[in-house]
Protein chains: 4
Amino acid sequence: MEHERIESDRQGPGRPRSEEAHTAILTASIDLIRDVGYDAVTMEGIAARAGVGKATVYRRWKSREALVVEAIGRIVAAVPDPDTGSTRGDLLALMTATLRMYEDPASAALLSGLVAAMARSAPIADAVRTGFVGIREEAVRRVLRRGMARGDLRQDVDLELALHLLHGPMFYRFLITGGPVDAALATDCVDTVLRTFAPDGSAGEHSADGGRG
Amino acid sequence: MEHERIESDRQGPGRPRSEEAHTAILTASIDLIRDVGYDAVTMEGIAARAGVGKATVYRRWKSREALVVEAIGRIVAAVPDPDTGSTRGDLLALMTATLRMYEDPASAALLSGLVAAMARSAPIADAVRTGFVGIREEAVRRVLRRGMARGDLRQDVDLELALHLLHGPMFYRFLITGGPVDAALATDCVDTVLRTFAPDGSAGEHSADGGRG
Amino acid sequence: MEHERIESDRQGPGRPRSEEAHTAILTASIDLIRDVGYDAVTMEGIAARAGVGKATVYRRWKSREALVVEAIGRIVAAVPDPDTGSTRGDLLALMTATLRMYEDPASAALLSGLVAAMARSAPIADAVRTGFVGIREEAVRRVLRRGMARGDLRQDVDLELALHLLHGPMFYRFLITGGPVDAALATDCVDTVLRTFAPDGSAGEHSADGGRG
Amino acid sequence: MEHERIESDRQGPGRPRSEEAHTAILTASIDLIRDVGYDAVTMEGIAARAGVGKATVYRRWKSREALVVEAIGRIVAAVPDPDTGSTRGDLLALMTATLRMYEDPASAALLSGLVAAMARSAPIADAVRTGFVGIREEAVRRVLRRGMARGDLRQDVDLELALHLLHGPMFYRFLITGGPVDAALATDCVDTVLRTFAPDGSAGEHSADGGRG
DNA sequence: TCCTAAGCGAGACGGTACGTCCAGTCTTCGT
DNA sequence: ACGAAGACTGGACGTACCGTCTCGCTTAGGA
């Protein structure tokens, strides 16, 4: 998440960085994204709105993307670790959390910007993969492993394929088709995974219709 | 596609517009998107690379977006309309064509640039959707409808879901996880779709293993 | 004088440079030097005061120094070439003209600014020497040569020494002691020069008292 | 000389100021003037070169000028009080001491900077007048008064005019014409003063040629 | 032997100006 | 009336210093 965040954890010499300024900058960033849109957000504008010098912004984040990543990270960072008793319930809970990210305009704007940044910058891509995406993927893996242990799924589930089947379609719809990223799509993806990796003797237990109708 | 293109079809008085200049500008745009990415493309840079005055660019397109939209239209590559006899063969043929796009470094760079552009510009997003993506999706729909007619698939296939299950995972891997977009993934997706929408009496006809081993 | 001026005499293609902008920039520069002093003059301030973009300033002058040098050139006031019939009268006329420069608050402020600029910039110093000071010195030399020809002065007058004796004390008082730069001082300097370089047989013709009492 | 020096003579409670830091700052200042020139000297650079915090510099001097004045004061402070037996010898001794100041590059750079500072700051101007200039002027007055008592000069010497005739020309040459401030000029000035204020019966005792040839 | 006060190096703070780049518009000349 | 060339105003970029303000840490004198 802090992919380009300039770290300074240890308390070295010198005046410590102001947490006030930090917060003011992040708040200003979010406000500006919401007010004028991601493209119109400038470092100069953020500094001015936050009542902060430009150098204070650059001291903490090397780029606008890095800053916005952290800003929005404050909103969408929480990823649940659901335990509803059924694999289907757990997966739906995770997907619903992800849905909320797509549905919130600010988060969606950030996500678009992140993808644009990832397309051109390997470091940003890595950071987003490990920080932003990684924790969501790990949550999915946890649920799937629990499902295998529980017997809801086959023992040889291809975790990576399942992951792609769950996240890929929503991502594609969000970025490419521009259609609604809604509960129906999420449910379809979950049921597709459940059917694909259903235990041998129970094919059809979760029918595609069962999840929607 | 020509959403913001400034038209001038009628042959008024004075020197007619140079078709050379037109082409040079579009070519320069595509080259620059490939080389430096959409964000780093500037009108100034396009004009310079095309050996053209800035006013000449603005005279024809009123924004960078409008220009890029038209440039994209020029590179909508031909998409095959395979008829191998089986739905699985047809889908694999389509996916293989798409694969080649991801695998070719130049195409991949362009694709990244397009996504970045889409993320920042609704008109570009629309243009890419209807032009670039649309023809690929239509090819998939044709194959799926033929499969339904042929009896390879259920009669009530959710075309949109199928489409997302086919393209989403590859797209996600390409942009987000950065992993290999290869035949294995393509085959898994095809088989997932075939199983999900298999006719009622023939579940398991195409096993996931069968498509890979 | 145009030491760092960026030349563009030939009329190439493209929009010609605006003479309006040029004048506005120079005027703004002079005004600002007068108002806030050389050190406090900034390119940003000049551009703002002139109602001009910064790039327009930098397109014409590479540096603040280069700009100020040309601005100075514009204010090289006319220097009289008096011919009162006597060397003493001519010198007093020249010194009175110089006096007016010291006495006028605006000119004095500008002069201070120039000296400050000269102390920090060799190119500016050169420009002031040749453009501002030079013509005044040449006027003094003309009068002295005429005095030598007329027989008011010795034939071997050390022109440079005379020049320093005339201008040095007033300059010193203006900048260093801060005392009044008045007619009394000017007259004393003139008479000192006349006595120092009086023809051999006429020492004391112009007594120091004679010029004041 | 310590015009803006911040005093702290009394030994209050708390840690006393480090004489090491003091010396390091002054040394760093002189080194930097010599190395990069007065213009390029920054408080930040001085502190860094001295291995000292910026606050330590500002605690002692409130401006760059104040600091540099003291720094160079350590070199050029001494003014002789010559007694060679003749007024001419005494004046030449004083002027030679002043000459050395103009000839030393570091001192000359400081002098330029001081004039620039004086041109804009009354407090600095006053401080330089009373400190830097004052002690030199007082030395000249002492010598002239001794000359009057001795009978080398008239009893009604205009001390201020004499002072201006001695220092003005050198100062003018240094700042304005940029020519050499050398012994020849100094001697000419001294002899001009001696002739101007020679006792009534002894005009020409010190001819201009006598002082040079 | 602690306490208090002021010093210390370090470096972050809100700012200002730098010199560059590009946006989008506006002239000029030559074709 | 087009073309290219390039100047125009405007404004964001990322950097360097400004002079001030904390930090944690000495380093003294007085309690």
# chains A, B, ... in the order shown; residues from 1 in each chain; ligands from 1

$ interface_residues --of "chain F" --to "chain D" --cutoff "7 Å" --atoms "only C-alpha atoms (C1' of nucleotides)" --output "VMD selection string"
chain F and resid 27 to 29

$ select_by_dssp --residues "stretch 157-210 of chain D" --states "alpha helix (DSSP H)" --output "list in words"
Leu159, Glu160, Leu161, Ala162, Leu163, His164, Leu165, Leu166, His167, Gly168, Pro169, Met170, Phe171, Tyr172, Ala183, Ala184, Leu185, Ala186, Thr187, Asp188, Cys189, Val190, Asp191, Thr192, Val193, Leu194, Arg195 and Thr196 of chain D

$ residues_around --residues "C:His22" --least-positions-apart "6" --cutoff "9 Å" --atoms "only C-alpha atoms (C1' of nucleotides)" --output "PDB file with C-alpha atoms, in the first residue's frame"
ATOM      1  CA  THR C  56       7.902  35.176 -22.365  1.00  0.00           C
ATOM      2  CA  VAL C  57      10.485  36.744 -20.104  1.00  0.00           C
ATOM      3  CA  ARG C  60      14.024  36.969 -24.354  1.00  0.00           C
TER       4      ARG C  60
END

$ interface_residues --of "chain E" --to "chain B" --cutoff "9 Å" --atoms "only C-alpha atoms (C1' of nucleotides)" --output "NGL selection string"
:E and (22-25 or 31)

$ write_last_selection --atoms "all heavy atoms" --output "compact mmCIF listing (two decimals), in the first residue's frame"
# COMPACT_ATOMS: atom_id res chain seq x y z
P DC E 22 7.04 18.83 -22.56
OP1 DC E 22 7.02 17.37 -22.40
OP2 DC E 22 7.84 19.50 -23.60
O5' DC E 22 5.54 19.33 -22.71
C5' DC E 22 4.59 18.88 -21.75
C4' DC E 22 3.40 19.80 -21.74
O4' DC E 22 3.81 21.11 -21.31
C3' DC E 22 2.71 20.00 -23.08
O3' DC E 22 1.49 19.25 -23.03
C2' DC E 22 2.50 21.52 -23.19
C1' DC E 22 2.88 22.03 -21.78
N1 DC E 22 3.52 23.37 -21.76
C2 DC E 22 2.88 24.43 -21.11
O2 DC E 22 1.79 24.24 -20.57
N3 DC E 22 3.48 25.65 -21.09
C4 DC E 22 4.65 25.82 -21.69
N4 DC E 22 5.22 27.03 -21.64
C5 DC E 22 5.32 24.75 -22.35
C6 DC E 22 4.72 23.55 -22.38
P DA E 23 0.37 19.41 -24.13
OP1 DA E 23 -0.36 18.14 -24.14
OP2 DA E 23 1.00 19.92 -25.35
O5' DA E 23 -0.60 20.53 -23.55
C5' DA E 23 -1.13 20.38 -22.25
C4' DA E 23 -2.20 21.43 -22.01
O4' DA E 23 -1.57 22.71 -21.77
C3' DA E 23 -3.15 21.63 -23.19
O3' DA E 23 -4.48 21.70 -22.72
C2' DA E 23 -2.71 22.94 -23.83
C1' DA E 23 -2.02 23.67 -22.70
N9 DA E 23 -0.82 24.40 -23.14
C8 DA E 23 0.26 23.88 -23.81
N7 DA E 23 1.20 24.77 -24.06
C5 DA E 23 0.70 25.94 -23.51
C6 DA E 23 1.22 27.24 -23.44
N6 DA E 23 2.40 27.58 -23.95
N1 DA E 23 0.47 28.18 -22.82
C2 DA E 23 -0.72 27.82 -22.30
N3 DA E 23 -1.31 26.63 -22.31
C4 DA E 23 -0.54 25.72 -22.93
P DG E 24 -5.70 21.32 -23.64
OP1 DG E 24 -6.89 21.09 -22.82
OP2 DG E 24 -5.20 20.29 -24.57
O5' DG E 24 -5.91 22.67 -24.45
C5' DG E 24 -6.48 23.77 -23.73
C4' DG E 24 -6.30 25.04 -24.50
O4' DG E 24 -4.90 25.40 -24.60
C3' DG E 24 -6.82 25.02 -25.96
O3' DG E 24 -7.67 26.14 -26.11
C2' DG E 24 -5.54 25.12 -26.79
C1' DG E 24 -4.68 25.97 -25.86
N9 DG E 24 -3.24 25.95 -26.16
C8 DG E 24 -2.47 24.89 -26.57
N7 DG E 24 -1.22 25.20 -26.76
C5 DG E 24 -1.15 26.55 -26.46
C6 DG E 24 -0.05 27.45 -26.49
O6 DG E 24 1.11 27.23 -26.80
N1 DG E 24 -0.43 28.74 -26.12
C2 DG E 24 -1.71 29.10 -25.76
N2 DG E 24 -1.89 30.39 -25.44
N3 DG E 24 -2.75 28.27 -25.73
C4 DG E 24 -2.40 27.02 -26.09
P DT E 25 -8.33 26.58 -27.48
OP1 DT E 25 -9.73 26.91 -27.18
OP2 DT E 25 -7.98 25.60 -28.52
O5' DT E 25 -7.56 27.95 -27.80
C5' DT E 25 -7.47 28.93 -26.79
C4' DT E 25 -6.66 30.12 -27.29
O4' DT E 25 -5.27 29.76 -27.41
C3' DT E 25 -7.09 30.65 -28.65
O3' DT E 25 -7.30 32.05 -28.51
C2' DT E 25 -5.92 30.32 -29.56
C1' DT E 25 -4.75 30.32 -28.59
N1 DT E 25 -3.58 29.50 -28.98
C2 DT E 25 -2.35 30.09 -29.09
O2 DT E 25 -2.16 31.28 -28.87
N3 DT E 25 -1.32 29.24 -29.45
C4 DT E 25 -1.41 27.89 -29.71
O4 DT E 25 -0.43 27.25 -30.04
C5 DT E 25 -2.74 27.33 -29.58
C7 DT E 25 -2.94 25.87 -29.84
C6 DT E 25 -3.74 28.15 -29.22
P DT E 31 7.37 29.50 -50.35
OP1 DT E 31 8.58 28.67 -50.39
OP2 DT E 31 7.21 30.70 -51.21
O5' DT E 31 6.10 28.57 -50.54
C5' DT E 31 5.82 27.56 -49.58
C4' DT E 31 4.50 26.88 -49.95
O4' DT E 31 3.38 27.69 -49.51
C3' DT E 31 4.31 26.64 -51.44
O3' DT E 31 3.86 25.30 -51.61
C2' DT E 31 3.25 27.66 -51.84
C1' DT E 31 2.45 27.81 -50.55
N1 DT E 31 1.75 29.13 -50.32
C2 DT E 31 0.45 29.11 -49.85
O2 DT E 31 -0.15 28.11 -49.63
N3 DT E 31 -0.09 30.36 -49.66
C4 DT E 31 0.52 31.58 -49.88
O4 DT E 31 -0.08 32.63 -49.68
C5 DT E 31 1.87 31.51 -50.35
C7 DT E 31 2.62 32.77 -50.64
C6 DT E 31 2.43 30.30 -50.56

$ closest_residue --among "B:Arg34, B:Arg64, B:Arg141, B:Arg88" --to "chain A" --atoms "only C-alpha atoms"
B:Arg34

$ interface_residues --of "chain C" --to "chain D" --cutoff "8 Å" --atoms "only C-alpha atoms" --output "compact mmCIF listing (two decimals) with N, CA and C atoms, in the first residue's frame"
# COMPACT_ATOMS: atom_id res chain seq x y z
N GLY C 37 14.02 47.42 -4.86
CA GLY C 37 15.45 47.16 -4.88
C GLY C 37 15.80 45.95 -5.72
N SER C 112 21.12 53.39 -6.28
CA SER C 112 21.48 52.43 -5.23
C SER C 112 21.28 51.01 -5.73
N GLY C 113 20.15 50.82 -6.35
CA GLY C 113 19.86 49.47 -6.87
C GLY C 113 20.89 49.04 -7.88
N VAL C 115 24.01 50.01 -8.12
CA VAL C 115 25.29 49.71 -7.48
C VAL C 115 25.22 48.34 -6.81
N ALA C 116 24.09 48.09 -6.17
CA ALA C 116 23.93 46.77 -5.56
C ALA C 116 24.03 45.69 -6.62
N ALA C 117 23.42 45.94 -7.76
CA ALA C 117 23.45 44.94 -8.83
C ALA C 117 24.86 44.80 -9.37
N MET C 118 25.56 45.92 -9.52
CA MET C 118 26.93 45.86 -10.03
C MET C 118 27.83 45.07 -9.10
N ALA C 119 27.58 45.24 -7.80
CA ALA C 119 28.42 44.56 -6.84
C ALA C 119 28.24 43.06 -6.92
N ARG C 120 27.10 42.63 -7.47
CA ARG C 120 26.82 41.20 -7.52
C ARG C 120 26.97 40.62 -8.90
N ALA C 125 27.72 45.25 -14.12
CA ALA C 125 28.72 46.29 -13.87
C ALA C 125 29.25 46.82 -15.20
N ARG C 129 28.87 50.56 -16.63
CA ARG C 129 30.07 51.33 -16.93
C ARG C 129 30.02 51.92 -18.33
N VAL C 133 27.62 55.19 -16.94
CA VAL C 133 28.73 56.01 -16.47
C VAL C 133 29.52 56.56 -17.64
N LEU C 161 42.49 61.00 -13.44
CA LEU C 161 42.53 61.51 -12.07
C LEU C 161 41.48 62.61 -11.89
N HIS C 164 38.12 61.12 -11.50
CA HIS C 164 37.90 60.52 -10.17
C HIS C 164 37.73 61.59 -9.11
N LEU C 165 38.46 62.69 -9.26
CA LEU C 165 38.33 63.76 -8.27
C LEU C 165 36.97 64.43 -8.36
N HIS C 167 33.97 62.91 -9.68
CA HIS C 167 32.84 62.03 -9.36
C HIS C 167 33.01 61.26 -8.07
N GLY C 168 34.24 60.93 -7.73
CA GLY C 168 34.50 60.10 -6.56
C GLY C 168 33.91 60.63 -5.27
N PRO C 169 34.22 61.87 -4.90
CA PRO C 169 33.73 62.38 -3.62
C PRO C 169 32.21 62.39 -3.52
N MET C 170 31.53 62.80 -4.58
CA MET C 170 30.06 62.80 -4.52
C MET C 170 29.53 61.37 -4.37
N PHE C 171 30.14 60.47 -5.09
CA PHE C 171 29.70 59.08 -5.04
C PHE C 171 29.93 58.50 -3.64
N TYR C 172 31.08 58.84 -3.11
CA TYR C 172 31.43 58.35 -1.77
C TYR C 172 30.44 58.89 -0.74
N ARG C 173 30.15 60.19 -0.85
CA ARG C 173 29.23 60.76 0.12
C ARG C 173 27.83 60.14 -0.03
N LEU C 175 26.94 57.13 -1.21
CA LEU C 175 26.80 55.72 -0.80
C LEU C 175 27.31 55.45 0.60
N ILE C 176 28.42 56.09 0.97
CA ILE C 176 29.07 55.69 2.22
C ILE C 176 28.71 56.59 3.40
N THR C 177 28.98 57.86 3.28
CA THR C 177 28.71 58.71 4.45
C THR C 177 27.23 59.06 4.55
N LEU C 185 29.51 70.62 -2.31
CA LEU C 185 30.48 69.55 -2.57
C LEU C 185 30.90 69.57 -4.03
N ASP C 188 33.29 72.40 -4.67
CA ASP C 188 34.60 72.10 -4.09
C ASP C 188 35.40 71.16 -4.99
N THR C 192 38.83 72.04 -6.84
CA THR C 192 40.01 71.24 -6.56
C THR C 192 40.67 70.80 -7.86
N ARG C 195 42.33 73.79 -9.58
CA ARG C 195 43.59 74.18 -8.95
C ARG C 195 44.67 73.15 -9.23
N THR C 196 44.28 71.88 -9.11
CA THR C 196 45.27 70.82 -9.31
C THR C 196 45.87 70.88 -10.71

$ atom_distance --atom1 "atom CA of B:Ala97" --atom2 "atom CA of B:Val140"
11.7 Å

$ residues_around --residues "A:Leu26" --least-positions-apart "3" --cutoff "12 Å" --atoms "only C-alpha atoms (C1' of nucleotides)" --output "PDB file with N, CA, C and O atoms, in the first residue's frame"
ATOM      1  N   GLU A  19       2.236  14.781  12.293  1.00  0.00           N
ATOM      2  CA  GLU A  19       1.105  13.909  11.956  1.00  0.00           C
ATOM      3  C   GLU A  19      -0.079  14.745  11.495  1.00  0.00           C
ATOM      4  O   GLU A  19      -0.876  14.313  10.662  1.00  0.00           O
ATOM      5  N   GLU A  20      -0.149  15.964  12.021  1.00  0.00           N
ATOM      6  CA  GLU A  20      -1.182  16.899  11.573  1.00  0.00           C
ATOM      7  C   GLU A  20      -1.081  17.157  10.078  1.00  0.00           C
ATOM      8  O   GLU A  20      -2.061  17.072   9.340  1.00  0.00           O
ATOM      9  N   ALA A  21       0.139  17.494   9.659  1.00  0.00           N
ATOM     10  CA  ALA A  21       0.344  17.781   8.239  1.00  0.00           C
ATOM     11  C   ALA A  21      -0.011  16.558   7.409  1.00  0.00           C
ATOM     12  O   ALA A  21      -0.677  16.646   6.378  1.00  0.00           O
ATOM     13  N   HIS A  22       0.419  15.391   7.886  1.00  0.00           N
ATOM     14  CA  HIS A  22       0.147  14.139   7.191  1.00  0.00           C
ATOM     15  C   HIS A  22      -1.349  13.981   6.943  1.00  0.00           C
ATOM     16  O   HIS A  22      -1.801  13.763   5.819  1.00  0.00           O
ATOM     17  N   THR A  23      -2.092  14.105   8.004  1.00  0.00           N
ATOM     18  CA  THR A  23      -3.534  13.940   7.907  1.00  0.00           C
ATOM     19  C   THR A  23      -4.163  14.997   7.010  1.00  0.00           C
ATOM     20  O   THR A  23      -5.045  14.701   6.188  1.00  0.00           O
ATOM     21  N   SER A  29      -6.339  15.576  -0.231  1.00  0.00           N
ATOM     22  CA  SER A  29      -6.291  14.771  -1.454  1.00  0.00           C
ATOM     23  C   SER A  29      -7.648  14.150  -1.743  1.00  0.00           C
ATOM     24  O   SER A  29      -8.166  14.211  -2.866  1.00  0.00           O
ATOM     25  N   ILE A  30      -8.205  13.538  -0.719  1.00  0.00           N
ATOM     26  CA  ILE A  30      -9.508  12.894  -0.903  1.00  0.00           C
ATOM     27  C   ILE A  30     -10.559  13.925  -1.284  1.00  0.00           C
ATOM     28  O   ILE A  30     -11.345  13.719  -2.213  1.00  0.00           O
ATOM     29  N   ASP A  31     -10.544  15.045  -0.588  1.00  0.00           N
ATOM     30  CA  ASP A  31     -11.521  16.094  -0.892  1.00  0.00           C
ATOM     31  C   ASP A  31     -11.395  16.540  -2.341  1.00  0.00           C
ATOM     32  O   ASP A  31     -12.399  16.714  -3.040  1.00  0.00           O
ATOM     33  N   LEU A  32     -10.177  16.726  -2.789  1.00  0.00           N
ATOM     34  CA  LEU A  32      -9.971  17.237  -4.142  1.00  0.00           C
ATOM     35  C   LEU A  32     -10.371  16.208  -5.190  1.00  0.00           C
ATOM     36  O   LEU A  32     -10.943  16.549  -6.231  1.00  0.00           O
ATOM     37  N   ILE A  33     -10.043  14.949  -4.939  1.00  0.00           N
ATOM     38  CA  ILE A  33     -10.464  13.909  -5.884  1.00  0.00           C
ATOM     39  C   ILE A  33     -11.978  13.950  -6.026  1.00  0.00           C
ATOM     40  O   ILE A  33     -12.529  13.895  -7.125  1.00  0.00           O
ATOM     41  N   MET A  43      -0.418  18.498  -7.166  1.00  0.00           N
ATOM     42  CA  MET A  43       0.330  18.545  -5.914  1.00  0.00           C
ATOM     43  C   MET A  43       0.233  19.955  -5.319  1.00  0.00           C
ATOM     44  O   MET A  43       0.143  20.114  -4.108  1.00  0.00           O
ATOM     45  N   ILE A  46      -3.132  20.339  -3.714  1.00  0.00           N
ATOM     46  CA  ILE A  46      -3.222  19.584  -2.472  1.00  0.00           C
ATOM     47  C   ILE A  46      -2.523  20.338  -1.352  1.00  0.00           C
ATOM     48  O   ILE A  46      -3.066  20.513  -0.259  1.00  0.00           O
ATOM     49  N   ALA A  47      -1.303  20.804  -1.651  1.00  0.00           N
ATOM     50  CA  ALA A  47      -0.543  21.525  -0.628  1.00  0.00           C
ATOM     51  C   ALA A  47      -1.304  22.765  -0.166  1.00  0.00           C
ATOM     52  O   ALA A  47      -1.396  23.041   1.029  1.00  0.00           O
ATOM     53  N   ARG A  49      -4.563  23.394  -0.374  1.00  0.00           N
ATOM     54  CA  ARG A  49      -5.779  23.047   0.370  1.00  0.00           C
ATOM     55  C   ARG A  49      -5.449  22.535   1.769  1.00  0.00           C
ATOM     56  O   ARG A  49      -6.186  22.785   2.723  1.00  0.00           O
ATOM     57  N   ALA A  50      -4.328  21.859   1.887  1.00  0.00           N
ATOM     58  CA  ALA A  50      -3.946  21.309   3.191  1.00  0.00           C
ATOM     59  C   ALA A  50      -3.275  22.365   4.072  1.00  0.00           C
ATOM     60  O   ALA A  50      -3.029  22.119   5.247  1.00  0.00           O
ATOM     61  N   GLY A  51      -2.981  23.532   3.473  1.00  0.00           N
ATOM     62  CA  GLY A  51      -2.289  24.564   4.235  1.00  0.00           C
ATOM     63  C   GLY A  51      -0.879  24.158   4.581  1.00  0.00           C
ATOM     64  O   GLY A  51      -0.391  24.342   5.690  1.00  0.00           O
ATOM     65  N   VAL A  52      -0.194  23.620   3.598  1.00  0.00           N
ATOM     66  CA  VAL A  52       1.088  22.957   3.811  1.00  0.00           C
ATOM     67  C   VAL A  52       2.027  23.365   2.677  1.00  0.00           C
ATOM     68  O   VAL A  52       1.581  23.695   1.583  1.00  0.00           O
ATOM     69  N   VAL A  57       4.789  17.921   1.184  1.00  0.00           N
ATOM     70  CA  VAL A  57       4.125  16.842   0.460  1.00  0.00           C
ATOM     71  C   VAL A  57       5.158  15.938  -0.201  1.00  0.00           C
ATOM     72  O   VAL A  57       5.135  14.714  -0.028  1.00  0.00           O
ATOM     73  N   ARG A  60       7.128  13.381   1.770  1.00  0.00           N
ATOM     74  CA  ARG A  60       6.462  12.170   2.209  1.00  0.00           C
ATOM     75  C   ARG A  60       6.069  11.246   1.074  1.00  0.00           C
ATOM     76  O   ARG A  60       6.078  10.023   1.233  1.00  0.00           O
ATOM     77  N   TRP A  61       5.698  11.818  -0.047  1.00  0.00           N
ATOM     78  CA  TRP A  61       5.300  10.988  -1.197  1.00  0.00           C
ATOM     79  C   TRP A  61       5.988  11.500  -2.444  1.00  0.00           C
ATOM     80  O   TRP A  61       5.974  12.690  -2.716  1.00  0.00           O
ATOM     81  N   ARG A  64       2.105  11.954  -7.122  1.00  0.00           N
ATOM     82  CA  ARG A  64       0.689  12.079  -6.881  1.00  0.00           C
ATOM     83  C   ARG A  64       0.058  10.706  -6.679  1.00  0.00           C
ATOM     84  O   ARG A  64      -0.770  10.518  -5.784  1.00  0.00           O
ATOM     85  N   ALA A  66       1.405   7.946  -5.533  1.00  0.00           N
ATOM     86  CA  ALA A  66       1.763   7.410  -4.226  1.00  0.00           C
ATOM     87  C   ALA A  66       0.890   8.025  -3.148  1.00  0.00           C
ATOM     88  O   ALA A  66       0.420   7.341  -2.237  1.00  0.00           O
ATOM     89  N   LEU A  67       0.692   9.311  -3.267  1.00  0.00           N
ATOM     90  CA  LEU A  67      -0.108  10.013  -2.269  1.00  0.00           C
ATOM     91  C   LEU A  67      -1.559   9.552  -2.311  1.00  0.00           C
ATOM     92  O   LEU A  67      -2.158   9.225  -1.288  1.00  0.00           O
ATOM     93  N   VAL A  68      -2.100   9.482  -3.507  1.00  0.00           N
ATOM     94  CA  VAL A  68      -3.505   9.121  -3.632  1.00  0.00           C
ATOM     95  C   VAL A  68      -3.729   7.671  -3.204  1.00  0.00           C
ATOM     96  O   VAL A  68      -4.759   7.334  -2.618  1.00  0.00           O
ATOM     97  N   VAL A  69      -2.744   6.834  -3.491  1.00  0.00           N
ATOM     98  CA  VAL A  69      -2.856   5.443  -3.060  1.00  0.00           C
ATOM     99  C   VAL A  69      -3.077   5.386  -1.555  1.00  0.00           C
ATOM    100  O   VAL A  69      -3.973   4.697  -1.062  1.00  0.00           O
ATOM    101  N   GLU A  70      -2.252   6.127  -0.852  1.00  0.00           N
ATOM    102  CA  GLU A  70      -2.389   6.072   0.598  1.00  0.00           C
ATOM    103  C   GLU A  70      -3.670   6.752   1.056  1.00  0.00           C
ATOM    104  O   GLU A  70      -4.339   6.293   1.983  1.00  0.00           O
ATOM    105  N   ALA A  71      -4.012   7.826   0.379  1.00  0.00           N
ATOM    106  CA  ALA A  71      -5.219   8.549   0.766  1.00  0.00           C
ATOM    107  C   ALA A  71      -6.432   7.626   0.711  1.00  0.00           C
ATOM    108  O   ALA A  71      -7.209   7.529   1.659  1.00  0.00           O
ATOM    109  N   ILE A  72      -6.577   6.976  -0.416  1.00  0.00           N
ATOM    110  CA  ILE A  72      -7.748   6.135  -0.569  1.00  0.00           C
ATOM    111  C   ILE A  72      -7.595   4.845   0.228  1.00  0.00           C
ATOM    112  O   ILE A  72      -8.577   4.219   0.630  1.00  0.00           O
ATOM    113  N   GLY A  73      -6.327   4.491   0.464  1.00  0.00           N
ATOM    114  CA  GLY A  73      -6.080   3.306   1.273  1.00  0.00           C
ATOM    115  C   GLY A  73      -6.712   3.420   2.648  1.00  0.00           C
ATOM    116  O   GLY A  73      -7.072   2.427   3.268  1.00  0.00           O
ATOM    117  N   ARG A  74      -6.834   4.684   3.105  1.00  0.00           N
ATOM    118  CA  ARG A  74      -7.447   4.896   4.410  1.00  0.00           C
ATOM    119  C   ARG A  74      -8.918   4.485   4.409  1.00  0.00           C
ATOM    120  O   ARG A  74      -9.512   4.272   5.444  1.00  0.00           O
ATOM    121  N   ILE A  75      -9.492   4.442   3.219  1.00  0.00           N
ATOM    122  CA  ILE A  75     -10.909   4.103   3.136  1.00  0.00           C
ATOM    123  C   ILE A  75     -11.114   2.624   2.864  1.00  0.00           C
ATOM    124  O   ILE A  75     -11.956   1.980   3.475  1.00  0.00           O
TER     125      ILE A  75
END

$ atom_distance --atom1 "atom CA of C:Arg142" --atom2 "atom CA of C:Asp104"
25.8 Å

$ decode --residues "stretch 108-127 of chain A" --atoms "C-alpha atoms" --output "CSV table (one decimal), in the first residue's frame"
chain,number,residue,atom,x,y,z
A,108,ALA,CA,-13.3,3.7,-8.2
A,109,ALA,CA,-11.5,6.8,-9.4
A,110,LEU,CA,-8.5,5.8,-7.4
A,111,LEU,CA,-8.6,2.3,-8.8
A,112,SER,CA,-8.6,3.6,-12.3
A,113,GLY,CA,-5.7,5.8,-11.6
A,114,LEU,CA,-3.8,3.0,-10.0
A,115,VAL,CA,-4.3,0.8,-13.0
A,116,ALA,CA,-3.1,3.6,-15.2
A,117,ALA,CA,-0.1,4.1,-13.0
A,118,MET,CA,0.6,0.3,-12.9
A,119,ALA,CA,0.5,0.1,-16.6
A,120,ARG,CA,3.6,2.4,-16.8
A,121,SER,CA,5.4,1.9,-13.5
A,122,ALA,CA,6.7,-1.4,-12.3
A,123,PRO,CA,7.4,-0.2,-8.8
A,124,ILE,CA,3.8,1.0,-8.5
A,125,ALA,CA,2.5,-2.2,-10.0
A,126,ASP,CA,4.5,-4.2,-7.5
A,127,ALA,CA,3.4,-2.1,-4.6
